[in-house]
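Notes follow the structure.
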Amino acid sequence: MNKQRYLLGLAALLFFGIALQACYQAMSKESEPLQNRPVQSNEPKVLADTVPSSFGYGRNATQAEIDRLDIDVRPDGKGLPKGEGISAKGKVIFEEKCVACHGAGGIGGPNGSLVTNKTPTDKRREKTIGNYWPYATTVFDYVRRAMPFNEPGSLSNEEVYHLTAYLLNANGIIDEKDVINAQTLPKVEMPAKNLFVPDDRKGGAEIR
Amino acid sequence: MKIDKIIEITQRFPEKLSRRKLLGGAATAAVAIVQTAKGQTIQKAVPENAIYEDPTKKLGTLAGEIGTRSPFVKSVKKPSDISSRSPLQDFYGIITPSDLHFERHHAGVPVINPNKHELVIHGLVEKPLVFTLADLKRFPSVSRIAFIECSGNFRGGKENLTPQEICGLTSQSEWTGVKLSTLFREVGVKPNASWFLAEGGDAAVMTRSIPVKKGWEDSIIAYAQNGEPIRPEQGYPFRLFNPGWEGNTSVKWLRRLELSDTPYYTREETSKYTEPIKDGKFRIFSFDIDARSIITFPSFPQQVEKGWIEIRGLAWSGRGKVVKVEVSTDAGKNWQIAQLNDPILDKAHVQFRHLWQWKGEETEILSRVTDETGYTQPTLKQLFEARGNDGGYHMNPITAWQIKKDGKVLFKPETFK
């Protein structure tokens, strides 16, 4: 008996509650912005992510881990390793490992000239380290990173310094006797340093 | 061996069901992937007569583990030594099937074991961190449909060129991953960091310098493509994705990000991916993909018939949404607004269409897109006037197709030198 009355009461309450709520919602939809409305328990709501300042995923990188991967070299010389190279020794390595792709003396190979040809046969000027690369450090970075094509990452830092010296000398940028190392390489002025301008395209009507 | 599963035979566009043409003159109809009685999946030639039997009189293939294309469909990329182009003329809607997404890599596709591959973020950060693939997947994820286009994506010079050959180095996927900004917060990028180096784990150890601003805006570290893990050709297990920017900046097989206060001037942003403008100068760090469109139907080598033709194509912009595509069917004298099929998404390929009644006259059909910045796709002549005649990266000219009297469609090569 008691239970029955209790259930009836509960049903009445629920009905009244729902009706009231519907009324309230109808009113509030008209007049109030969503965020000001009182929260209804059965109203679906989408909350913005509560993004923590840190998720705590991942683990700390050790300096040894970073050093193993951090092979890049910037124009200011940051990243250049110990060691040094000279053109004469670079020439020997070049003739053994690079000449098949880049041609004798770095000119005219099937995968692109690296050295500017002073007596070009073609009308179109080939882009080379001597006439198109703005920073000498890029030569060291790229050769160490990706060359030779069939044995990437196989050269020692010393060999890369020798090759860098050779390619700079062959392009007439440094003297044959110049020693290339972490101090001297960033100071080498490249002929193409001022060839480049920032992108000025920005959409809109003008074609740039 | 009994063939009880015929899943795929490769051949596309049997316009006229000439068997000779369909079979390329071969004695067997095509190659099918079949399942043997032991459940092994193998490739097997399908006899010619199997195709033309009444399918209502023969029990079909049972349910399988992986779907395949119809035996009558052949849609393939066009590879060169350094890239592989998407068959734009074969596509419907705006999503590129993952196995037909263009490829461009500089030392091949590496095989990477995801359990041994990690992403290191260091440099100008409070807390250098290492993330595994599993770590990246735990972060809040985002998905967006957007294109990737190689900035060296224009070929012309002869009439016999397909859309795939002209500009097949663009493709579109739904990319899923973690926002780079989420990772930037996790490592605590320092206020003086203005650039970051993105480095891949392939044999080229590909590197590009990217402004930190882009990373805060909309870069993603993507680990999934069209609902499945990214494919090896697209950077498995994860890649950087810079929406709207030249494809090379979206470094694949990503292994390292270094925050810096200066760009690195790597080989790929100096010797390559720079382009001539006037006065002997060259543009550097030219990231945005300018708006572009191309009619993909009708196109070479198709032949059209008189009557109604629905001209179809793709349009996109790296700077936002496409707002308008115009089509000309009289060699550029008059332009009509084309219909754009939903959805029209930010930095995404959009499909356009325009109904045209061809009465047999010789003409040229063209399309040009306008994006939300007000930029309208230029002619090749306009590009040459603005930048000089040397071409190079970021060429996005209006593409014209010649319609010959017999209905043959040919690309229209242009020269202004």
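Chain identifiers are assigned as A, B, and so on, following the order in which chains appear in the structure tokens; residues are numbered from 1 within each chain, and ligands are numbered from 1 in order of appearance.
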
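Residue list for chain B within 7 Å of chain A: Pro128, Leu129, Val130, Phe131, Thr132, Asp135, Glu186, Ala203, Ala204, Val205, Tyr264, Tyr265, Thr266, Arg267, Thr270, Ser271, Lys281, Phe282, Arg283, Ile284, Phe285, Ser286, Thr373, Gly374, Tyr375, Thr376, Ala386 and Arg387 of chain B, counting only C-alpha atoms.
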
**Message:** Run DSSP on the backbone and tell me which residues of region 220-415 of chain B come out as strand (DSSP E or B); list them as a ChimeraX atom specification.
**Reply:** /B:220-225,228-229,239-241,245-246,254-260,275-276,282-284,288,292-297,303,307-316,322-328,336-337,339-341,350-358,363-371,376,400-403,408-411

**Message:** So that I can see what lies close to Thr184 (chain A), please list as a list in words the residues with an atom at most 12 Å from it, counting only C-alpha atoms and leaving out residues fewer than 6 positions away in the same chain.
**Reply:** Pro75, Asp76, Gly77, Leu80, Lys82, Gly83, Glu84, Gly85, Ile86, Ala136, Thr137, Tyr161, Thr164, Ala165, Ile174 and Asp178 of chain A

Pull N, CA and C atoms from the residues just selected and write them as a PDB file, in the first residue's frame.
```pdb
ATOM      1  N   PRO A  75      73.432  27.552 -40.869  1.00  0.00           N
ATOM      2  CA  PRO A  75      74.371  28.488 -41.501  1.00  0.00           C
ATOM      3  C   PRO A  75      75.361  29.126 -40.518  1.00  0.00           C
ATOM      4  N   ASP A  76      74.944  29.283 -39.245  1.00  0.00           N
ATOM      5  CA  ASP A  76      75.877  29.872 -38.272  1.00  0.00           C
ATOM      6  C   ASP A  76      76.894  28.854 -37.754  1.00  0.00           C
ATOM      7  N   GLY A  77      76.853  27.637 -38.270  1.00  0.00           N
ATOM      8  CA  GLY A  77      77.837  26.623 -37.892  1.00  0.00           C
ATOM      9  C   GLY A  77      77.393  25.717 -36.762  1.00  0.00           C
ATOM     10  N   LEU A  80      78.073  21.700 -36.470  1.00  0.00           N
ATOM     11  CA  LEU A  80      79.251  21.154 -37.162  1.00  0.00           C
ATOM     12  C   LEU A  80      80.108  20.358 -36.174  1.00  0.00           C
ATOM     13  N   LYS A  82      83.624  18.008 -34.905  1.00  0.00           N
ATOM     14  CA  LYS A  82      85.086  18.141 -34.961  1.00  0.00           C
ATOM     15  C   LYS A  82      85.590  17.573 -36.285  1.00  0.00           C
ATOM     16  N   GLY A  83      86.809  17.911 -36.605  1.00  0.00           N
ATOM     17  CA  GLY A  83      87.404  17.393 -37.828  1.00  0.00           C
ATOM     18  C   GLY A  83      87.633  18.513 -38.825  1.00  0.00           C
ATOM     19  N   GLU A  84      88.355  18.168 -39.904  1.00  0.00           N
ATOM     20  CA  GLU A  84      88.591  19.166 -40.949  1.00  0.00           C
ATOM     21  C   GLU A  84      88.920  18.485 -42.266  1.00  0.00           C
ATOM     22  N   GLY A  85      88.830  19.259 -43.337  1.00  0.00           N
ATOM     23  CA  GLY A  85      89.078  18.664 -44.637  1.00  0.00           C
ATOM     24  C   GLY A  85      89.772  19.615 -45.596  1.00  0.00           C
ATOM     25  N   ILE A  86      90.434  19.024 -46.608  1.00  0.00           N
ATOM     26  CA  ILE A  86      91.054  19.832 -47.668  1.00  0.00           C
ATOM     27  C   ILE A  86      90.648  19.284 -49.043  1.00  0.00           C
ATOM     28  N   ALA A 136      77.289  27.644 -47.364  1.00  0.00           N
ATOM     29  CA  ALA A 136      78.251  26.544 -47.502  1.00  0.00           C
ATOM     30  C   ALA A 136      77.952  25.407 -46.522  1.00  0.00           C
ATOM     31  N   THR A 137      77.348  25.758 -45.384  1.00  0.00           N
ATOM     32  CA  THR A 137      77.045  24.734 -44.378  1.00  0.00           C
ATOM     33  C   THR A 137      76.076  23.679 -44.918  1.00  0.00           C
ATOM     34  N   TYR A 161      83.989  16.594 -44.562  1.00  0.00           N
ATOM     35  CA  TYR A 161      84.763  17.856 -44.613  1.00  0.00           C
ATOM     36  C   TYR A 161      85.640  17.924 -45.867  1.00  0.00           C
ATOM     37  N   THR A 164      83.411  18.554 -48.863  1.00  0.00           N
ATOM     38  CA  THR A 164      82.922  19.940 -48.835  1.00  0.00           C
ATOM     39  C   THR A 164      84.009  20.886 -49.342  1.00  0.00           C
ATOM     40  N   ALA A 165      85.239  20.666 -48.860  1.00  0.00           N
ATOM     41  CA  ALA A 165      86.352  21.511 -49.307  1.00  0.00           C
ATOM     42  C   ALA A 165      86.553  21.372 -50.816  1.00  0.00           C
ATOM     43  N   ILE A 174      86.722  28.694 -52.587  1.00  0.00           N
ATOM     44  CA  ILE A 174      87.855  28.722 -51.653  1.00  0.00           C
ATOM     45  C   ILE A 174      89.120  28.296 -52.398  1.00  0.00           C
ATOM     46  N   ASP A 178      92.939  25.956 -48.579  1.00  0.00           N
ATOM     47  CA  ASP A 178      92.060  26.309 -47.450  1.00  0.00           C
ATOM     48  C   ASP A 178      91.592  25.066 -46.698  1.00  0.00           C
TER      49      ASP A 178
END
```

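Residue nearest Pro413 (chain B), chosen from B:Ala198, B:Ile166, B:Leu240, B:Leu62 and counting only C-alpha atoms: B:Ile166.
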
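Taking only C-alpha atoms into account, Glu159 (chain B) lies nearest to B:Val409 out of the set B:Ile221, B:Val111, B:Val409, B:Val304.
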
**Request:** Could you tell me which of A:Ser87, A:Asn111, A:Ser154, A:Asn42 comes closest to Gly172 (chain A) if we count only C-alpha atoms?
**Result:**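 Checking each candidate against Gly172 (chain A), we get A:Ser87 as the closest.
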